[in-house]
file model.cif (mmCIF, C-alpha atoms and all ligand atoms)
data_run
#
loop_
_atom_site.label_atom_id
_atom_site.label_comp_id
_atom_site.auth_asym_id
_atom_site.auth_seq_id
_atom_site.Cartn_x
_atom_site.Cartn_y
_atom_site.Cartn_z
CA MET A 1 8.23 14.71 17.94
CA ILE A 2 9.42 11.50 16.31
CA THR A 3 12.23 11.23 13.79
CA LEU A 4 11.74 11.10 10.05
CA ASP A 5 13.17 7.57 9.98
CA GLU A 6 10.78 6.36 12.67
CA ALA A 7 7.77 7.84 10.88
CA ARG A 8 8.83 6.38 7.55
CA ALA A 9 9.47 2.96 9.07
CA HIS A 10 6.08 3.07 10.76
CA VAL A 11 4.37 3.62 7.41
CA LEU A 12 6.48 1.24 5.36
CA THR A 13 6.00 -1.71 7.70
CA ARG A 14 2.22 -1.30 7.40
CA VAL A 15 1.93 -1.49 3.63
CA ALA A 16 2.65 -4.43 1.36
CA PRO A 17 2.73 -5.19 -2.36
CA ALA A 18 -0.70 -5.87 -3.83
CA PRO A 19 -1.50 -9.40 -5.04
CA PRO A 20 -0.30 -10.03 -8.62
CA VAL A 21 -2.59 -9.71 -11.61
CA ALA A 22 -2.21 -10.81 -15.23
CA VAL A 23 -2.13 -7.91 -17.69
CA PRO A 24 -1.51 -7.66 -21.44
CA VAL A 25 2.08 -6.60 -22.15
CA GLY A 26 0.68 -3.50 -23.87
CA GLU A 27 -0.55 -2.26 -20.49
CA ALA A 28 2.45 -3.32 -18.41
CA ALA A 29 4.82 -0.36 -18.90
CA GLY A 30 6.20 0.85 -15.56
CA LEU A 31 4.76 -2.09 -13.60
CA VAL A 32 6.81 -4.52 -11.52
CA LEU A 33 7.03 -8.19 -12.53
CA ALA A 34 5.49 -10.48 -9.91
CA SER A 35 7.22 -13.64 -11.11
CA ASP A 36 10.18 -14.73 -13.20
CA VAL A 37 9.60 -14.74 -16.95
CA THR A 38 11.15 -17.57 -18.98
CA SER A 39 11.18 -17.94 -22.74
CA THR A 40 9.77 -20.89 -24.65
CA GLU A 41 10.96 -19.47 -27.96
CA THR A 42 14.26 -18.87 -29.78
CA VAL A 43 15.36 -15.40 -30.90
CA PRO A 44 16.35 -15.06 -33.67
CA PRO A 45 14.23 -18.09 -34.58
CA PHE A 46 16.50 -18.95 -37.55
CA ALA A 47 19.97 -18.04 -38.83
CA ASN A 48 19.68 -14.90 -40.95
CA THR A 49 21.75 -12.21 -42.56
CA ALA A 50 22.72 -8.97 -40.83
CA MET A 51 23.46 -7.30 -44.19
CA ASP A 52 22.05 -6.89 -47.66
CA GLY A 53 24.40 -8.79 -49.97
CA PHE A 54 25.10 -12.30 -51.21
CA ALA A 55 24.88 -15.54 -49.30
CA VAL A 56 27.88 -17.69 -50.15
CA ILE A 57 29.90 -20.69 -49.06
CA ALA A 58 32.86 -19.07 -47.31
CA SER A 59 35.42 -21.48 -48.74
CA ASP A 60 34.40 -20.39 -52.27
CA THR A 61 35.74 -16.88 -51.53
CA THR A 62 39.23 -17.86 -50.40
CA ASP A 63 40.84 -16.84 -53.70
CA ALA A 64 38.84 -13.59 -54.06
CA PRO A 65 38.16 -11.92 -56.34
CA VAL A 66 36.01 -14.82 -57.57
CA THR A 67 32.91 -15.04 -59.75
CA LEU A 68 29.93 -17.09 -58.53
CA ASP A 69 26.62 -18.03 -60.19
CA VAL A 70 23.62 -16.20 -58.78
CA VAL A 71 20.90 -18.82 -58.39
CA GLY A 72 18.17 -16.83 -56.65
CA THR A 73 17.10 -14.12 -54.25
CA VAL A 74 15.88 -14.36 -50.63
CA ALA A 75 13.91 -11.48 -49.18
CA ALA A 76 13.13 -10.93 -45.50
CA GLY A 77 10.06 -13.01 -44.63
CA ALA A 78 10.76 -15.53 -47.42
CA ALA A 79 12.85 -18.70 -47.58
CA ALA A 80 15.37 -19.89 -50.19
CA ASP A 81 13.73 -22.19 -52.72
CA ARG A 82 16.84 -24.38 -53.01
CA PRO A 83 20.09 -25.11 -51.19
CA LEU A 84 23.34 -23.48 -52.27
CA ALA A 85 25.94 -25.64 -54.05
CA ALA A 86 29.66 -24.97 -54.50
CA GLY A 87 30.31 -22.05 -56.86
CA GLN A 88 26.90 -20.52 -56.22
CA ALA A 89 25.62 -17.39 -54.46
CA MET A 90 22.17 -16.04 -53.63
CA ARG A 91 21.10 -12.39 -53.28
CA ILE A 92 19.90 -11.90 -49.76
CA MET A 93 18.27 -9.03 -47.83
CA THR A 94 18.78 -8.11 -44.15
CA GLY A 95 16.74 -10.41 -41.92
CA ALA A 96 16.20 -13.09 -44.59
CA PRO A 97 16.97 -16.69 -43.58
CA MET A 98 20.30 -18.13 -44.71
CA PRO A 99 19.79 -20.58 -47.60
CA PRO A 100 20.72 -24.16 -46.64
CA GLY A 101 24.37 -24.77 -47.51
CA ALA A 102 25.38 -21.08 -47.28
CA ASP A 103 27.54 -20.16 -44.28
CA ALA A 104 28.54 -16.52 -44.90
CA VAL A 105 27.30 -13.25 -46.36
CA VAL A 106 29.30 -10.76 -48.43
CA MET A 107 27.90 -7.24 -48.07
CA VAL A 108 26.54 -5.82 -51.33
CA GLU A 109 29.17 -3.04 -51.33
CA ARG A 110 31.92 -5.67 -51.80
CA THR A 111 30.26 -7.35 -54.78
CA ARG A 112 29.53 -6.62 -58.46
CA HIS A 113 26.32 -8.17 -59.68
CA ASP A 114 25.96 -8.82 -63.44
CA GLU A 115 22.29 -9.57 -63.99
CA ALA A 116 22.77 -10.33 -67.69
CA THR A 117 25.01 -13.31 -66.97
CA ALA A 118 23.47 -14.10 -63.56
CA THR A 119 26.86 -13.91 -61.92
CA VAL A 120 28.38 -11.92 -59.08
CA GLU A 121 31.98 -10.96 -58.55
CA ILE A 122 32.95 -11.32 -54.90
CA GLU A 123 35.74 -8.87 -54.13
CA ILE A 124 36.83 -10.15 -50.73
CA ALA A 125 37.41 -13.43 -48.95
CA VAL A 126 35.10 -13.87 -45.96
CA PRO A 127 35.21 -16.33 -43.07
CA ALA A 128 32.37 -18.72 -42.25
CA GLY A 129 29.73 -16.93 -40.20
CA ASN A 130 30.47 -13.53 -41.78
CA HIS A 131 27.42 -11.26 -41.18
CA VAL A 132 25.34 -14.26 -40.13
CA ARG A 133 23.15 -13.90 -37.03
CA GLY A 134 22.79 -17.35 -35.52
CA ALA A 135 19.52 -18.79 -34.26
CA GLY A 136 19.16 -18.18 -30.52
CA GLU A 137 21.94 -15.57 -30.26
CA ASP A 138 19.56 -13.35 -28.25
CA VAL A 139 17.27 -15.85 -26.48
CA MET A 140 17.14 -19.63 -26.13
CA PRO A 141 14.16 -21.67 -24.92
CA GLY A 142 14.36 -21.97 -21.14
CA ASP A 143 16.30 -18.72 -20.71
CA LEU A 144 15.28 -16.62 -17.69
CA LEU A 145 14.41 -13.34 -19.39
CA PHE A 146 13.63 -11.17 -16.36
CA PRO A 147 13.36 -12.01 -12.67
CA ALA A 148 10.45 -11.06 -10.43
CA GLY A 149 10.91 -7.47 -9.29
CA THR A 150 11.96 -6.13 -12.69
CA VAL A 151 10.41 -2.75 -13.48
CA LEU A 152 9.10 -3.19 -17.01
CA GLY A 153 10.41 -0.59 -19.45
CA ALA A 154 10.30 -0.28 -23.21
CA GLY A 155 13.14 -2.73 -23.82
CA HIS A 156 11.69 -5.37 -21.49
CA LEU A 157 8.32 -5.19 -23.21
CA GLY A 158 10.02 -5.49 -26.59
CA VAL A 159 11.81 -8.67 -25.45
CA LEU A 160 8.50 -10.13 -24.21
CA ALA A 161 6.96 -9.33 -27.59
CA SER A 162 9.98 -10.93 -29.35
CA VAL A 163 9.29 -14.27 -27.67
CA GLY A 164 5.52 -14.14 -28.15
CA ILE A 165 4.57 -13.46 -24.51
CA GLY A 166 1.29 -11.53 -24.54
CA THR A 167 0.41 -11.47 -20.84
CA VAL A 168 2.54 -10.97 -17.74
CA SER A 169 1.99 -11.33 -14.01
CA VAL A 170 2.62 -7.95 -12.39
CA ILE A 171 1.85 -5.99 -9.24
CA PRO A 172 -0.95 -3.60 -10.24
CA ARG A 173 -0.47 0.14 -9.87
CA PRO A 174 -2.35 1.30 -6.79
CA VAL A 175 -5.53 3.29 -7.28
CA VAL A 176 -5.20 6.27 -4.94
CA GLY A 177 -8.02 8.62 -3.96
CA VAL A 178 -7.35 12.27 -3.11
CA VAL A 179 -9.58 14.43 -0.95
CA SER A 180 -9.20 18.02 0.22
CA THR A 181 -10.73 19.11 3.51
CA GLY A 182 -11.51 22.56 4.82
CA ASP A 183 -14.40 25.05 5.06
CA GLU A 184 -12.17 27.77 3.63
CA LEU A 185 -11.59 25.98 0.32
CA VAL A 186 -13.18 26.83 -3.02
CA ASP A 187 -12.77 24.69 -6.13
CA ASP A 188 -15.26 26.09 -8.62
CA GLY A 189 -13.49 29.24 -9.81
CA SER A 190 -16.01 31.52 -8.10
CA PRO A 191 -14.88 34.87 -6.61
CA LEU A 192 -13.37 34.42 -3.16
CA ARG A 193 -15.45 35.55 -0.22
CA PRO A 194 -13.69 36.77 2.90
CA GLY A 195 -11.63 34.01 4.46
CA GLN A 196 -11.76 31.72 1.45
CA ILE A 197 -8.82 30.34 -0.54
CA ARG A 198 -8.70 28.12 -3.58
CA ASP A 199 -8.05 24.40 -3.25
CA SER A 200 -4.63 23.75 -4.77
CA ASN A 201 -3.58 20.58 -2.95
CA ARG A 202 -5.96 18.25 -4.74
CA LEU A 203 -4.67 19.02 -8.22
CA THR A 204 -1.08 18.94 -6.96
CA LEU A 205 -1.50 15.55 -5.30
CA LEU A 206 -3.46 14.04 -8.20
CA THR A 207 -0.64 15.14 -10.51
CA LEU A 208 2.13 13.85 -8.22
CA LEU A 209 0.38 10.48 -8.12
CA GLU A 210 0.16 10.29 -11.91
CA GLU A 211 3.82 11.37 -12.22
CA SER A 212 4.75 8.59 -9.80
CA GLY A 213 2.97 6.00 -11.97
CA PHE A 214 -0.09 5.45 -9.78
CA ASP A 215 -3.77 5.74 -10.75
CA ALA A 216 -5.21 8.88 -9.16
CA VAL A 217 -8.90 9.27 -8.33
CA ASP A 218 -10.42 12.63 -7.41
CA LEU A 219 -12.58 12.20 -4.30
CA GLY A 220 -13.43 15.90 -4.22
CA LEU A 221 -13.54 18.60 -1.61
CA VAL A 222 -15.26 18.15 1.76
CA ARG A 223 -16.33 20.70 4.32
CA ASP A 224 -15.22 20.55 7.94
CA ASP A 225 -18.28 18.45 8.67
CA GLU A 226 -18.12 15.12 10.43
CA SER A 227 -20.69 13.19 8.45
CA GLU A 228 -19.46 14.51 5.09
CA ILE A 229 -15.89 13.60 6.00
CA GLU A 230 -16.93 10.13 7.14
CA ARG A 231 -18.86 9.49 3.94
CA VAL A 232 -15.90 10.47 1.73
CA PHE A 233 -13.32 8.45 3.67
CA ARG A 234 -15.55 5.37 3.71
CA ARG A 235 -16.18 5.66 -0.02
CA GLY A 236 -12.47 6.25 -0.71
CA ALA A 237 -11.42 3.28 1.40
CA GLU A 238 -13.88 1.08 -0.47
CA GLN A 239 -13.09 2.24 -4.01
CA CYS A 240 -9.36 2.80 -3.75
CA ASP A 241 -6.23 0.97 -2.66
CA ALA A 242 -5.12 4.01 -0.65
CA VAL A 243 -6.45 7.46 0.23
CA LEU A 244 -4.56 10.74 0.54
CA SER A 245 -6.21 13.61 2.35
CA SER A 246 -4.83 17.05 2.96
CA GLY A 247 -5.73 19.35 5.79
CA GLY A 248 -7.23 18.77 9.19
CA VAL A 249 -4.34 16.82 10.72
CA SER A 250 -2.88 19.57 12.88
CA MET A 251 -4.15 20.97 16.17
CA GLY A 252 -7.09 23.09 14.92
CA ALA A 253 -10.47 23.15 16.65
CA PHE A 254 -12.32 22.07 13.50
CA ASP A 255 -9.98 19.31 12.43
CA TYR A 256 -12.79 16.76 12.13
CA VAL A 257 -10.65 14.54 9.92
CA LYS A 258 -9.01 13.47 13.15
CA VAL A 259 -12.28 12.78 14.92
CA VAL A 260 -13.66 10.76 12.02
CA LEU A 261 -10.55 8.77 11.22
CA ASP A 262 -10.08 7.88 14.87
CA ARG A 263 -13.62 6.53 14.88
CA ILE A 264 -13.61 4.59 11.60
CA GLY A 265 -9.92 3.75 11.31
CA ASP A 266 -6.81 2.70 13.17
CA MET A 267 -4.68 5.84 12.97
CA ARG A 268 -1.45 7.18 14.33
CA TRP A 269 -1.15 10.94 14.58
CA MET A 270 2.43 12.01 14.31
CA GLN A 271 4.49 15.11 14.91
CA ILE A 272 7.65 14.56 12.93
CA ALA A 273 10.91 16.40 13.50
CA ILE A 274 10.96 17.93 10.03
CA LYS A 275 10.17 21.31 8.52
CA PRO A 276 7.93 21.64 6.59
CA ALA A 277 5.38 18.83 7.02
CA LYS A 278 5.56 18.25 10.78
CA PRO A 279 2.00 16.94 11.28
CA PHE A 280 1.21 13.69 9.53
CA ALA A 281 -1.23 10.87 10.08
CA PHE A 282 -1.18 7.34 8.83
CA GLY A 283 -3.45 4.42 9.43
CA LEU A 284 -5.90 1.95 8.01
CA VAL A 285 -9.61 2.30 7.33
CA GLY A 286 -10.61 -1.31 6.94
CA ALA A 287 -7.55 -2.61 5.11
CA THR A 288 -7.00 0.59 3.12
CA PRO A 289 -3.99 2.77 3.99
CA VAL A 290 -4.93 6.39 4.63
CA PHE A 291 -2.34 9.18 4.53
CA GLY A 292 -3.34 12.33 6.37
CA LEU A 293 -1.12 14.97 4.81
CA PRO A 294 -0.83 18.47 6.23
CA GLY A 295 -2.90 21.22 4.61
CA ASN A 296 -0.21 23.74 3.82
CA PRO A 297 0.55 23.30 0.14
CA VAL A 298 4.33 22.90 0.41
CA SER A 299 3.93 20.63 3.43
CA SER A 300 1.51 18.36 1.59
CA MET A 301 3.97 17.98 -1.30
CA VAL A 302 6.94 17.30 0.99
CA SER A 303 4.87 14.88 3.06
CA TYR A 304 3.85 13.09 -0.14
CA GLU A 305 7.51 12.78 -1.18
CA LEU A 306 8.76 11.56 2.20
CA PHE A 307 5.96 9.21 3.24
CA ALA A 308 3.19 8.56 0.73
CA ARG A 309 5.28 8.04 -2.40
CA PRO A 310 7.64 5.46 -0.85
CA ALA A 311 4.72 3.58 0.70
CA LEU A 312 2.74 3.56 -2.53
CA ARG A 313 5.84 2.38 -4.39
CA ARG A 314 6.05 -0.54 -1.98
CA MET A 315 2.38 -1.32 -2.67
CA ALA A 316 3.24 -1.25 -6.40
CA GLY A 317 5.97 -3.85 -5.85
CA HIS A 318 9.02 -1.59 -6.11
CA THR A 319 12.04 -2.27 -3.93
CA ILE A 320 13.71 1.11 -4.43
CA LEU A 321 11.25 3.21 -2.46
CA SER A 322 12.73 6.64 -1.87
CA ARG A 323 14.39 8.96 -4.30
CA PRO A 324 18.18 8.66 -4.23
CA THR A 325 19.87 11.59 -2.51
CA ARG A 326 23.11 13.16 -3.71
CA SER A 327 25.58 15.78 -2.76
CA ALA A 328 25.47 19.34 -4.14
CA VAL A 329 27.48 22.52 -3.79
CA SER A 330 25.34 25.28 -2.33
CA HIS A 331 26.05 28.77 -3.67
CA ASP A 332 23.97 30.28 -0.87
CA PRO A 333 24.27 29.89 2.87
CA LEU A 334 21.55 27.57 4.16
CA GLY A 335 21.64 28.93 7.66
CA ARG A 336 18.95 27.77 10.03
CA HIS A 337 17.97 28.11 13.65
CA ASP A 338 18.07 25.08 15.93
CA ASP A 339 14.59 23.71 16.47
CA GLY A 340 15.21 19.98 16.74
CA LYS A 341 14.00 19.42 13.15
CA THR A 342 15.56 18.47 9.85
CA HIS A 343 14.82 21.23 7.34
CA PHE A 344 13.94 20.53 3.73
CA LEU A 345 14.73 23.70 1.78
CA ARG A 346 13.52 24.42 -1.71
CA VAL A 347 16.53 24.85 -3.98
CA VAL A 348 17.08 25.25 -7.70
CA GLY A 349 19.97 24.03 -9.78
CA GLY A 350 21.29 20.97 -11.51
CA PRO A 351 24.43 19.16 -12.53
CA ASP A 352 27.24 21.22 -14.08
CA GLU A 353 29.32 19.98 -17.03
CA THR A 354 31.26 17.68 -14.67
CA GLY A 355 28.02 16.18 -13.31
CA ARG A 356 28.37 17.93 -9.93
CA TRP A 357 25.15 19.51 -8.68
CA GLN A 358 25.25 23.28 -8.06
CA ILE A 359 22.29 24.78 -6.22
CA ARG A 360 20.87 28.08 -4.98
CA LYS A 361 18.28 28.62 -2.29
CA LEU A 362 14.88 29.87 -3.41
CA GLY A 363 13.35 32.89 -1.72
CA GLY A 364 9.97 31.62 -0.59
CA GLN A 365 10.60 29.00 2.07
CA GLY A 366 7.24 29.28 3.86
CA SER A 367 5.06 26.18 3.84
CA HIS A 368 2.31 28.26 2.21
CA GLN A 369 4.58 29.51 -0.61
CA LEU A 370 3.92 26.96 -3.32
CA THR A 371 5.46 28.96 -6.16
CA ASP A 372 9.05 28.30 -5.08
CA MET A 373 8.21 24.63 -4.45
CA ALA A 374 6.96 24.48 -8.03
CA GLY A 375 10.26 25.98 -9.22
CA ALA A 376 12.44 23.81 -7.00
CA THR A 377 14.53 21.13 -8.70
CA ALA A 378 15.56 19.63 -5.39
CA LEU A 379 15.08 19.73 -1.65
CA ALA A 380 18.22 20.42 0.39
CA VAL A 381 18.35 18.37 3.58
CA VAL A 382 19.74 20.38 6.47
CA PRO A 383 19.70 18.56 9.85
CA ASP A 384 19.43 20.36 13.15
CA GLY A 385 22.71 21.89 14.26
CA VAL A 386 24.17 21.92 10.75
CA GLU A 387 25.05 25.19 9.10
CA VAL A 388 25.71 25.17 5.40
CA ARG A 389 27.85 28.14 4.30
CA ALA A 390 28.13 29.36 0.72
CA GLY A 391 30.33 26.87 -1.14
CA ASP A 392 29.65 23.99 1.27
CA GLU A 393 28.40 20.57 0.22
CA VAL A 394 24.86 19.68 1.18
CA GLU A 395 22.71 16.59 0.73
CA ILE A 396 19.85 17.07 -1.72
CA ILE A 397 16.85 15.09 -2.95
CA PRO A 398 16.42 15.82 -6.65
CA LEU A 399 12.75 16.15 -7.54
CA GLY A 400 10.96 15.59 -10.82
CA THR A 401 9.19 12.92 -12.73
CA LEU A 402 12.13 10.72 -13.66
CA GLY A 403 13.86 7.96 -11.77
CA PRO A 404 12.95 6.11 -8.59
P1 LIG B 501 -5.09 22.50 8.15
O1 LIG B 501 -4.11 21.41 8.14
O2 LIG B 501 -6.44 22.08 7.73
O3 LIG B 501 -5.09 23.24 9.45
O4 LIG B 501 -4.59 23.53 7.05
C1 LIG B 501 -3.34 24.18 7.15
C2 LIG B 501 -3.25 25.29 6.13
O5 LIG B 501 -3.31 24.76 4.82
C3 LIG B 501 -4.37 26.30 6.20
O6 LIG B 501 -3.84 27.58 5.93
C4 LIG B 501 -5.29 25.85 5.10
O7 LIG B 501 -6.09 26.91 4.62
C5 LIG B 501 -4.32 25.36 4.06
N1 LIG B 501 -4.95 24.36 3.20
C6 LIG B 501 -5.60 23.27 3.64
N2 LIG B 501 -6.04 22.54 2.59
C7 LIG B 501 -5.68 23.21 1.49
C8 LIG B 501 -5.84 22.96 0.10
N3 LIG B 501 -6.49 21.87 -0.34
N4 LIG B 501 -5.32 23.84 -0.81
C9 LIG B 501 -4.66 24.93 -0.34
N5 LIG B 501 -4.45 25.22 0.95
C10 LIG B 501 -4.95 24.38 1.86
MG MG B 502 -8.35 22.67 7.74
#
call {"tool": "encode", "arguments": {"input": "model.cif", "output": "structure tokens"}}
result
Amino acid sequence: MITLDEARAHVLTRVAPAPPVAVPVGEAAGLVLASDVTSTETVPPFANTAMDGFAVIASDTTDAPVTLDVVGTVAAGAAADRPLAAGQAMRIMTGAPMPPGADAVVMVERTRHDEATATVEIEIAVPAGNHVRGAGEDVMPGDLLFPAGTVLGAGHLGVLASVGIGTVSVIPRPVVGVVSTGDELVDDGSPLRPGQIRDSNRLTLLTLLEESGFDAVDLGLVRDDESEIERVFRRGAEQCDAVLSSGGVSMGAFDYVKVVLDRIGDMRWMQIAIKPAKPFAFGLVGATPVFGLPGNPVSSMVSYELFARPALRRMAGHTILSRPTRSAVSHDPLGRHDDGKTHFLRVVGGPDETGRWQIRKLGGQGSHQLTDMAGATALAVVPDGVEVRAGDEVEIIPLGTLGP
């Protein structure tokens, strides 16, 4: 058996970020910037008002209350048709450009407009710059907006839109094929014949990939048949940036995945000191990374979390690869026998009102018991030789769709 760290390092050193591509900003959410983005524009592009009210010359308001002549109105999207002279004011709406000559805005609530006489009473004295948003207060030409490596979220994309950038250079999300292997598997809803079970791994893995922000491709279900397996892996390696298979990586007599991948790829077959998910294979078919995940449903999910997801995140340009771990209080003993492996136990819980995680152990800890994996909010990490008693702290990996 090799350690978890050794297996993970083996995989991570053999994958690399994909070459950058240019994509429209509208399709860039969640992708990683491949190069620095600099602005050529100014935001706001012109000085404008932050309030509905009256544009004034601040020094005219010193002896407030004062009455000024209203010489016009500026709406957002328009421009003043004349400059402002001493003793004058202009009605102005939020976002409208400041009229030339005006240097402050009095909010409408502190004014009394008399339309009959075209005058406004200004109730308060305001300093120059009052409620004025200066040109370039957000962005100036030449500003570095976001460095390479930034994960583009809603706010980033809004900033790019605000400076008129329509296309960005990003690392594309990997296209990942998923194949299930095994003569016992059924995927068409038909009644089970003796010895058959339904294929659950494919849907699980396709969904995990989508949740992780990758493009998942269903490569189907293949029998334990050498030529069928070869055809699917060759097609997957050609069409996809990576392939995930489940099943056929352990010591069974009909594990033809092993035979085929050894012939057409450069694979390493690993026994990792973890439970579940001990057997795992990784290698390249051509230049395409192939992840041979174990067949047991919980094992395939845990193997995905520990090996495939971090590697695929690296391919997608991320630098934070694994989910952050944290400490939790276990309300159940997490006793274990010594077997030389780190155990990943399915636990449920979450942060209490102080933010401290409180967890309980779920009942079904077998690698075939997917229901409690589905209900798990975290995996508790219990190394060999460690006994967690009720009330002890334990390291956990929170699961779910959010975060790195
Ligand atoms: P294997 O790695 O092929 O020896 O499979 C290990 C266990 O996982 C066996 O009990 C298989 O029946 C089961 N298994 C393999 N593939 C799947 C799948 N796609 N969905 C559900 N169970 C599976
Ligand atoms: Mg099998």
call {"tool": "closest_atom_pairs", "arguments": {"input": "model.cif", "of": "range 305-325 of chain A", "to": "range 201-217 of chain A", "cutoff": "9 Å", "atoms": "all atoms listed in the file", "output": "CSV"}}
result
residue,atom,partner,partner_atom,distance
A:Glu305,CA,A:Leu208,CA,8.9
A:Arg309,CA,A:Ser212,CA,7.4
A:Leu312,CA,A:Phe214,CA,8.0
A:Arg313,CA,A:Ser212,CA,8.3
A:Ala316,CA,A:Phe214,CA,8.2
call {"tool": "closest_residue", "arguments": {"input": "model.cif", "among": "A:Gly391, A:Gly252, A:Gly286, A:Pro297", "to": "ligand MG 502 (chain B)", "atoms": "only C-alpha atoms and all ligand atoms"}}
result
A:Gly252
call {"tool": "residues_near_ligand", "arguments": {"input": "model.cif", "ligand": "ligand LIG 501 (chain B)", "cutoff": "8 Å", "atoms": "all atoms listed in the file", "output": "ChimeraX atom specification"}}
result
/A:180-182,184-185,197-202,221,246-252,255,293-297,368
call {"tool": "closest_residue", "arguments": {"input": "model.cif", "among": "A:Ile264, A:Val257, A:Leu334, A:Ala287", "to": "ligand MG 502 (chain B)", "atoms": "all atoms listed in the file"}}
result
A:Val257
call {"tool": "residues_around", "arguments": {"input": "model.cif", "residues": "range 152-169 of chain A", "least_positions_apart": "4", "cutoff": "7 Å", "atoms": "only C-alpha atoms", "output": "number ranges by chain"}}
result
A: 20-25, 28-35, 39, 41, 43
call {"tool": "atom_distance", "arguments": {"input": "model.cif", "atom1": "CA of Thr119 in chain A", "atom2": "CA of Asp52 in chain A"}}
result
16.6 Å
call {"tool": "closest_residue", "arguments": {"input": "model.cif", "among": "A:Thr117, A:Gln196, A:Thr42, A:Thr150", "to": "ligand MG 502 (chain B)", "atoms": "only C-alpha atoms and all ligand atoms"}}
result
A:Gln196
call {"tool": "residues_around", "arguments": {"input": "model.cif", "residues": "Val382 in chain A", "least_positions_apart": "3", "cutoff": "7 Å", "atoms": "only C-alpha atoms", "output": "PyMOL selection string"}}
result
chain A and resi 342-344+386
call {"tool": "atom_distance", "arguments": {"input": "model.cif", "atom1": "CA of Asp225 in chain A", "atom2": "CA of Val175 in chain A"}}
result
25.4 Å
call {"tool": "closest_residue", "arguments": {"input": "model.cif", "among": "A:Gly317, A:Gly350, A:Pro333, A:Gly87", "to": "Val151 in chain A", "atoms": "only C-alpha atoms"}}
result
A:Gly317
